[in-house]
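Trainee: Dumping the structure here so I can ask a few things about it.
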Amino acid sequence: MNPNILVLHVDQHRYDCLGLLGNQDVKTPNIDRLAEDSAVYTNSFCSYPVCTPSRYSLLSGTYGHQHLGWTNHSTLVPGLETFPSVLRANGYSTKAVGKMHFTPTYLDVGFSDMELAEQNGPGRFDDDYHRYLLGKGLVDKTDLTDQEFEFREQAPSEYWETFGAMESGLAEKDHSTTWIADRAVETLQTWTEEGHCMMVGFIKPHHPFDPPAPWSRMYDPDALQLLAGWTEHCLAADQAKSKGYFENRLLNEESLRRVMAFYYATISQIDYQVGRIVSVLKDKGIYDNTMIVFTSDHGDYMGYHHMLLKNNHMYEPLVRVPLIIKYPESNDSRRDDRLVSNVDVAPTILAAAGFDPGSYMQGLDLRSEESSRDYVVTENRFGREYMVRDQRYKLLLAETQADCMLFDLEADPYELTNLYKEPAWQHKVRELRDFLASWMLFETPISPYVDEEAPVISKPNVLDSDPERRKATLKKIRQLYENS
């Protein structure tokens, strides 16, 4: 019997912001309960800490230098098999719901049906969710302010003062998290015992931190414990690299607590919807034969080194992600400390479904406890920066010496002491550099592959990429924004 496949994919979720991983503030009872039937991978890393490149790696089992999706405006290079394309070719129904972040918006990567809720770029002018909002005369004002520079330039002072932590102007029923979950539940109601695959992409907890009421009132900022790695001031090396989407130096403990309260609220809202989704599988009697994957594209500093969001050094909260896998016909709970990457997800899904991995897939089949790696690699900035890490040591390698770092994570878990230039540690630098050289030699970075006319799925809800239609949509959004 071919198992059903359900991938629950969240965005910018720091790995330790789950109750099951010891966080005693955030409430995630449904994800925690799912973990009781699952393998929990405690050393799971993204292959590229940016939304679209990471998603392409998860889908295709390949790294950025192979799939060429280096940026959020890129197209998966033609000819690469993905787990949905292999499943579809073998008779599965395949569907994507929520945020995918492709170019073009409805790019055919193997999903026969797509109901999308996008956030950044042209996708929000093409997708189903924003058509739904416009049809009701609504606009997701805080999200639009945060994501589109035209509107960010006219952001109210509250947006800057709160670092984007503001209650959503949308009712819960119209919020993206609920809309996405509703579409997922509707689809699951049509599932039978086998042969279905769906990827559900939640926009949250990605910034802005704008949960709707009543979730926005769930957490008391003053009652929260700051996450590990907070420092009283920005580090010089981090400031030199990037000042931040919001200015990190302006962040203080009071502001961070408010951000955390809203960030946790968006996570708890997702957790509630995960509970709804799992309940449908159990009510239909197909939970046991469904493989469920819960993971994220990358993390968030969330106060680490006095920073928010991403786009700085590849510290642990940015590159380490939650990964929970409930295997079909197996309800055993276990913790797995192996070094794993999101390139492992596609071959693991295909193996569980009884199919061989795609020809170019680089990942491991995580079902086998004998599959392991000594090092895990993350790329960034068009292949100009790398992280290579073993169980204890971590090397950050970049074009400039100032951005090269080595950390002993056992002695220095918060990455405060750079050992890269220390004579006593040159043997470790050489070891990790040598592995990286064998993994992929430094080359002239390849430009991202972008094809606005790449094949899309053929369904009634799929709009073309007509610039005039997008302009007309933007005009309506501007009017709603100004009147809201």
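Residues are named by chain letter and number: chains run A, B, ... in the order of the structure tokens, numbers start at 1 in each chain, and ligands are numbered from 1 in the order shown.
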Just list the residues in region 229-424 of chain A DSSP gives strand (DSSP E or B) on the backbone, as a ChimeraX atom specification.
Mentor: /A:230,290-296,304,320,323-326,334-341,376-380,385-389,393-397,405-408
Trainee: My list of candidates is A:Gln66, A:Asn2, A:Asn312, A:Asn380. Which is closest to His196 (chain A) when distances are computed with only C-alpha atoms?
Mentor: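 For His196 (chain A), the nearest of the given residues is A:Asn2.
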Trainee: Identify which of the residues A:Asp466, A:Asp412, A:Asp374, A:Asp271 lies closest to Pro29 (chain A), counting only C-alpha atoms when measuring atom-to-atom distances.
Mentor: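 Checking each of A:Asp466, A:Asp412, A:Asp374, A:Asp271 against Pro29 (chain A), counting only C-alpha atoms, the winner is A:Asp271.
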Trainee: Under the rule that only C-alpha atoms are counted, which of A:Asp108, A:Glu193, A:Asp128, A:Glu379 is the nearest residue to Thr62 (chain A)?
Mentor: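 Residue with the minimum atom-to-atom distance to Thr62 (chain A): A:Glu379.
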Trainee: Just give me the gap between CA of Phe149 (chain A) and CA of Leu133 (chain A) in Å, one decimal is fine.
Mentor: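 Distance between the two atoms: 20.4 Å.
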Trainee: Counting only C-alpha atoms, which of A:Val376, A:Val139, A:Ala117, A:Ala96 gets nearest to Thr473 (chain A)?
Mentor: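 Among the listed residues, the smallest separation from Thr473 (chain A) belongs to A:Val139.
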Trainee: Could you name the residues that touch Leu436 (chain A) at 9 Å or less, counting only C-alpha atoms, but leaving out those on the same chain fewer than 3 positions away, as a PyMOL selection string?
Mentor: chain A and resi 377+386-388+431-433+439-442
Trainee: I need the residue nearest Ser458 (chain A) from this list: A:Gly19, A:Asp11, A:Tyr106, A:Thr178. Use only C-alpha atoms for the distance.
Mentor: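 Under the stated criterion, the closest residue is A:Tyr106.
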Trainee: Quick one: everything within 12 Å of Ala411 (chain A), counting only C-alpha atoms, minus sequence neighbours fewer than 5 positions away in the same chain. Send it as a PyMOL selection string.
Mentor: chain A and resi 392-394+416-419
Trainee: Counting only C-alpha atoms, what is within 8 Å of Leu366 (chain A), bar same-chain residues fewer than 5 positions away, as a ChimeraX atom specification?
Mentor: /A:344-345,348,371
Trainee: Would you save the residues from that selection as a compact mmCIF listing (two decimals), in the first residue's frame, using C-alpha atoms?
Mentor:
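As written to disk, out_25.txt reads:
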# COMPACT_ATOMS: atom_id res chain seq x y z
CA ASP A 344 17.40 14.55 2.83
CA VAL A 345 13.64 15.13 2.83
CA THR A 348 13.37 9.97 2.38
CA SER A 371 22.71 6.47 6.82
Trainee: Closest to Phe102 (chain A) among A:Tyr263, A:Phe209, A:Phe202, A:Tyr56, using only C-alpha atoms?
Mentor: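 So, comparing all the options, the nearest one is A:Tyr56.
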Trainee: Just list as a VMD selection string whatever in region 182-239 of chain A DSSP marks as helix (DSSP H, G or I).
Mentor: chain A and resid 182 to 188 215 to 217 221 to 223 236 to 239
Trainee: Would you write out those residues with N, CA and C atoms, as a PDB file, in the first residue's frame?
Mentor:
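Heads up, here's the output in out.pdb:
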ATOM      1  N   ASP A 182      -7.610  25.936   6.112  1.00  0.00           N
ATOM      2  CA  ASP A 182      -8.930  25.588   5.586  1.00  0.00           C
ATOM      3  C   ASP A 182      -8.812  24.873   4.243  1.00  0.00           C
ATOM      4  N   ARG A 183      -7.941  25.366   3.381  1.00  0.00           N
ATOM      5  CA  ARG A 183      -7.764  24.713   2.070  1.00  0.00           C
ATOM      6  C   ARG A 183      -7.166  23.307   2.251  1.00  0.00           C
ATOM      7  N   ALA A 184      -6.246  23.178   3.196  1.00  0.00           N
ATOM      8  CA  ALA A 184      -5.641  21.868   3.448  1.00  0.00           C
ATOM      9  C   ALA A 184      -6.682  20.884   3.969  1.00  0.00           C
ATOM     10  N   VAL A 185      -7.506  21.328   4.912  1.00  0.00           N
ATOM     11  CA  VAL A 185      -8.537  20.446   5.484  1.00  0.00           C
ATOM     12  C   VAL A 185      -9.532  20.030   4.399  1.00  0.00           C
ATOM     13  N   GLU A 186      -9.934  20.969   3.547  1.00  0.00           N
ATOM     14  CA  GLU A 186     -10.851  20.633   2.451  1.00  0.00           C
ATOM     15  C   GLU A 186     -10.263  19.551   1.549  1.00  0.00           C
ATOM     16  N   THR A 187      -8.978  19.657   1.278  1.00  0.00           N
ATOM     17  CA  THR A 187      -8.318  18.663   0.429  1.00  0.00           C
ATOM     18  C   THR A 187      -8.241  17.320   1.134  1.00  0.00           C
ATOM     19  N   LEU A 188      -7.867  17.312   2.405  1.00  0.00           N
ATOM     20  CA  LEU A 188      -7.761  16.049   3.146  1.00  0.00           C
ATOM     21  C   LEU A 188      -9.092  15.316   3.224  1.00  0.00           C
ATOM     22  N   TRP A 215      -5.299  35.449  19.132  1.00  0.00           N
ATOM     23  CA  TRP A 215      -3.944  34.912  19.307  1.00  0.00           C
ATOM     24  C   TRP A 215      -2.973  36.003  19.753  1.00  0.00           C
ATOM     25  N   SER A 216      -3.209  37.217  19.304  1.00  0.00           N
ATOM     26  CA  SER A 216      -2.308  38.321  19.636  1.00  0.00           C
ATOM     27  C   SER A 216      -2.238  38.587  21.137  1.00  0.00           C
ATOM     28  N   ARG A 217      -3.227  38.110  21.879  1.00  0.00           N
ATOM     29  CA  ARG A 217      -3.256  38.348  23.328  1.00  0.00           C
ATOM     30  C   ARG A 217      -2.843  37.115  24.129  1.00  0.00           C
ATOM     31  N   PRO A 221       4.377  39.481  27.289  1.00  0.00           N
ATOM     32  CA  PRO A 221       5.810  39.682  27.010  1.00  0.00           C
ATOM     33  C   PRO A 221       6.685  39.631  28.256  1.00  0.00           C
ATOM     34  N   ASP A 222       6.195  40.185  29.353  1.00  0.00           N
ATOM     35  CA  ASP A 222       7.005  40.252  30.568  1.00  0.00           C
ATOM     36  C   ASP A 222       7.229  38.884  31.209  1.00  0.00           C
ATOM     37  N   ALA A 223       6.404  37.908  30.834  1.00  0.00           N
ATOM     38  CA  ALA A 223       6.522  36.577  31.432  1.00  0.00           C
ATOM     39  C   ALA A 223       7.448  35.660  30.641  1.00  0.00           C
ATOM     40  N   ALA A 236      30.417  43.516  16.873  1.00  0.00           N
ATOM     41  CA  ALA A 236      31.015  44.312  15.797  1.00  0.00           C
ATOM     42  C   ALA A 236      31.015  43.568  14.469  1.00  0.00           C
ATOM     43  N   ALA A 237      31.320  42.262  14.503  1.00  0.00           N
ATOM     44  CA  ALA A 237      31.377  41.481  13.266  1.00  0.00           C
ATOM     45  C   ALA A 237      30.008  41.386  12.610  1.00  0.00           C
ATOM     46  N   ASP A 238      28.956  41.340  13.418  1.00  0.00           N
ATOM     47  CA  ASP A 238      27.604  41.254  12.868  1.00  0.00           C
ATOM     48  C   ASP A 238      27.162  42.593  12.300  1.00  0.00           C
ATOM     49  N   GLN A 239      27.467  43.671  13.016  1.00  0.00           N
ATOM     50  CA  GLN A 239      27.112  45.001  12.537  1.00  0.00           C
ATOM     51  C   GLN A 239      27.815  45.341  11.232  1.00  0.00           C
TER      52      GLN A 239
END
Trainee: Excluding same-chain residues fewer than 2 positions from Lys204 (chain A), what lies within 10 Å of it counting only C-alpha atoms, as number ranges by chain?
Mentor: A: 9-13, 99, 119, 176-177, 201-202, 206-211, 263, 266-267, 269-270
Trainee: Next, dump the selected residues to file, keeping only C-alpha atoms, as a PDB file, in the first residue's frame.
Mentor:
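Generated output (part14.pdb):
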ATOM      1  CA  HIS A   9       6.225  23.544   5.904  1.00  0.00           C
ATOM      2  CA  VAL A  10       6.518  26.701   8.007  1.00  0.00           C
ATOM      3  CA  ASP A  11       8.638  29.770   7.362  1.00  0.00           C
ATOM      4  CA  GLN A  12      11.418  31.259   9.498  1.00  0.00           C
ATOM      5  CA  HIS A  13      10.820  29.008  12.510  1.00  0.00           C
ATOM      6  CA  LYS A  99       3.236  29.594   0.334  1.00  0.00           C
ATOM      7  CA  GLN A 119       3.848  36.914   0.583  1.00  0.00           C
ATOM      8  CA  SER A 176      -3.375  33.572   5.949  1.00  0.00           C
ATOM      9  CA  THR A 177      -2.765  30.843   8.536  1.00  0.00           C
ATOM     10  CA  GLY A 201       3.219  25.960   3.214  1.00  0.00           C
ATOM     11  CA  PHE A 202       2.390  28.360   6.035  1.00  0.00           C
ATOM     12  CA  HIS A 206       7.841  34.806   9.135  1.00  0.00           C
ATOM     13  CA  HIS A 207       7.809  38.538   9.833  1.00  0.00           C
ATOM     14  CA  PRO A 208       5.855  40.742  10.193  1.00  0.00           C
ATOM     15  CA  PHE A 209       4.850  39.385  13.566  1.00  0.00           C
ATOM     16  CA  ASP A 210       1.136  40.061  13.106  1.00  0.00           C
ATOM     17  CA  PRO A 211      -1.125  37.415  14.629  1.00  0.00           C
ATOM     18  CA  TYR A 263       6.157  35.397  17.162  1.00  0.00           C
ATOM     19  CA  THR A 266       1.847  32.940  15.227  1.00  0.00           C
ATOM     20  CA  ILE A 267       3.496  29.603  16.075  1.00  0.00           C
ATOM     21  CA  GLN A 269      -1.872  29.624  15.771  1.00  0.00           C
ATOM     22  CA  ILE A 270      -0.133  27.281  13.320  1.00  0.00           C
TER      23      ILE A 270
END
Trainee: At a cut-off of 10 Å, using only C-alpha atoms, what residues contact Asp146 (chain A)? Leave out same-chain residues fewer than 3 positions from it and give the result as a list in words.
Mentor: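 Returned residues: Gln119, Asn120, Lys141, Thr142, Asp143, Phe149, Glu150, Phe151, Arg152, Glu153, Ala155, Tyr159, Trp160, Phe163, Gly164, His207, Pro208, Phe209 and Tyr245 of chain A.
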Trainee: Export, as a short mmCIF file (atom, residue, chain, number, x, y, z; two decimals), in the first residue's frame, the selected residues with C-alpha atoms.
Mentor:
data_model
loop_
_atom_site.label_atom_id
_atom_site.label_comp_id
_atom_site.auth_asym_id
_atom_site.auth_seq_id
_atom_site.Cartn_x
_atom_site.Cartn_y
_atom_site.Cartn_z
CA GLN A 119 3.85 36.91 0.58
CA ASN A 120 6.71 38.53 -1.29
CA LYS A 141 -1.98 45.89 5.58
CA THR A 142 0.81 45.06 8.05
CA ASP A 143 2.14 42.29 5.84
CA PHE A 149 9.12 48.55 -0.33
CA GLU A 150 6.56 50.94 -1.84
CA PHE A 151 4.42 50.54 1.27
CA ARG A 152 7.29 50.13 3.73
CA GLU A 153 8.45 53.64 2.85
CA ALA A 155 5.00 52.68 7.24
CA TYR A 159 5.68 49.54 12.68
CA TRP A 160 9.26 50.73 13.25
CA PHE A 163 9.86 45.89 14.80
CA GLY A 164 6.75 44.80 12.92
CA HIS A 207 7.81 38.54 9.83
CA PRO A 208 5.86 40.74 10.19
CA PHE A 209 4.85 39.38 13.57
CA TYR A 245 16.01 44.67 8.08
#
Trainee: I'd like the interatomic distance between CA of Arg381 (chain A) and CA of Thr71 (chain A), to a tenth of an Å.
Mentor: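 Pair CA of Arg381 (chain A) / CA of Thr71 (chain A) returns 8.5 Å.
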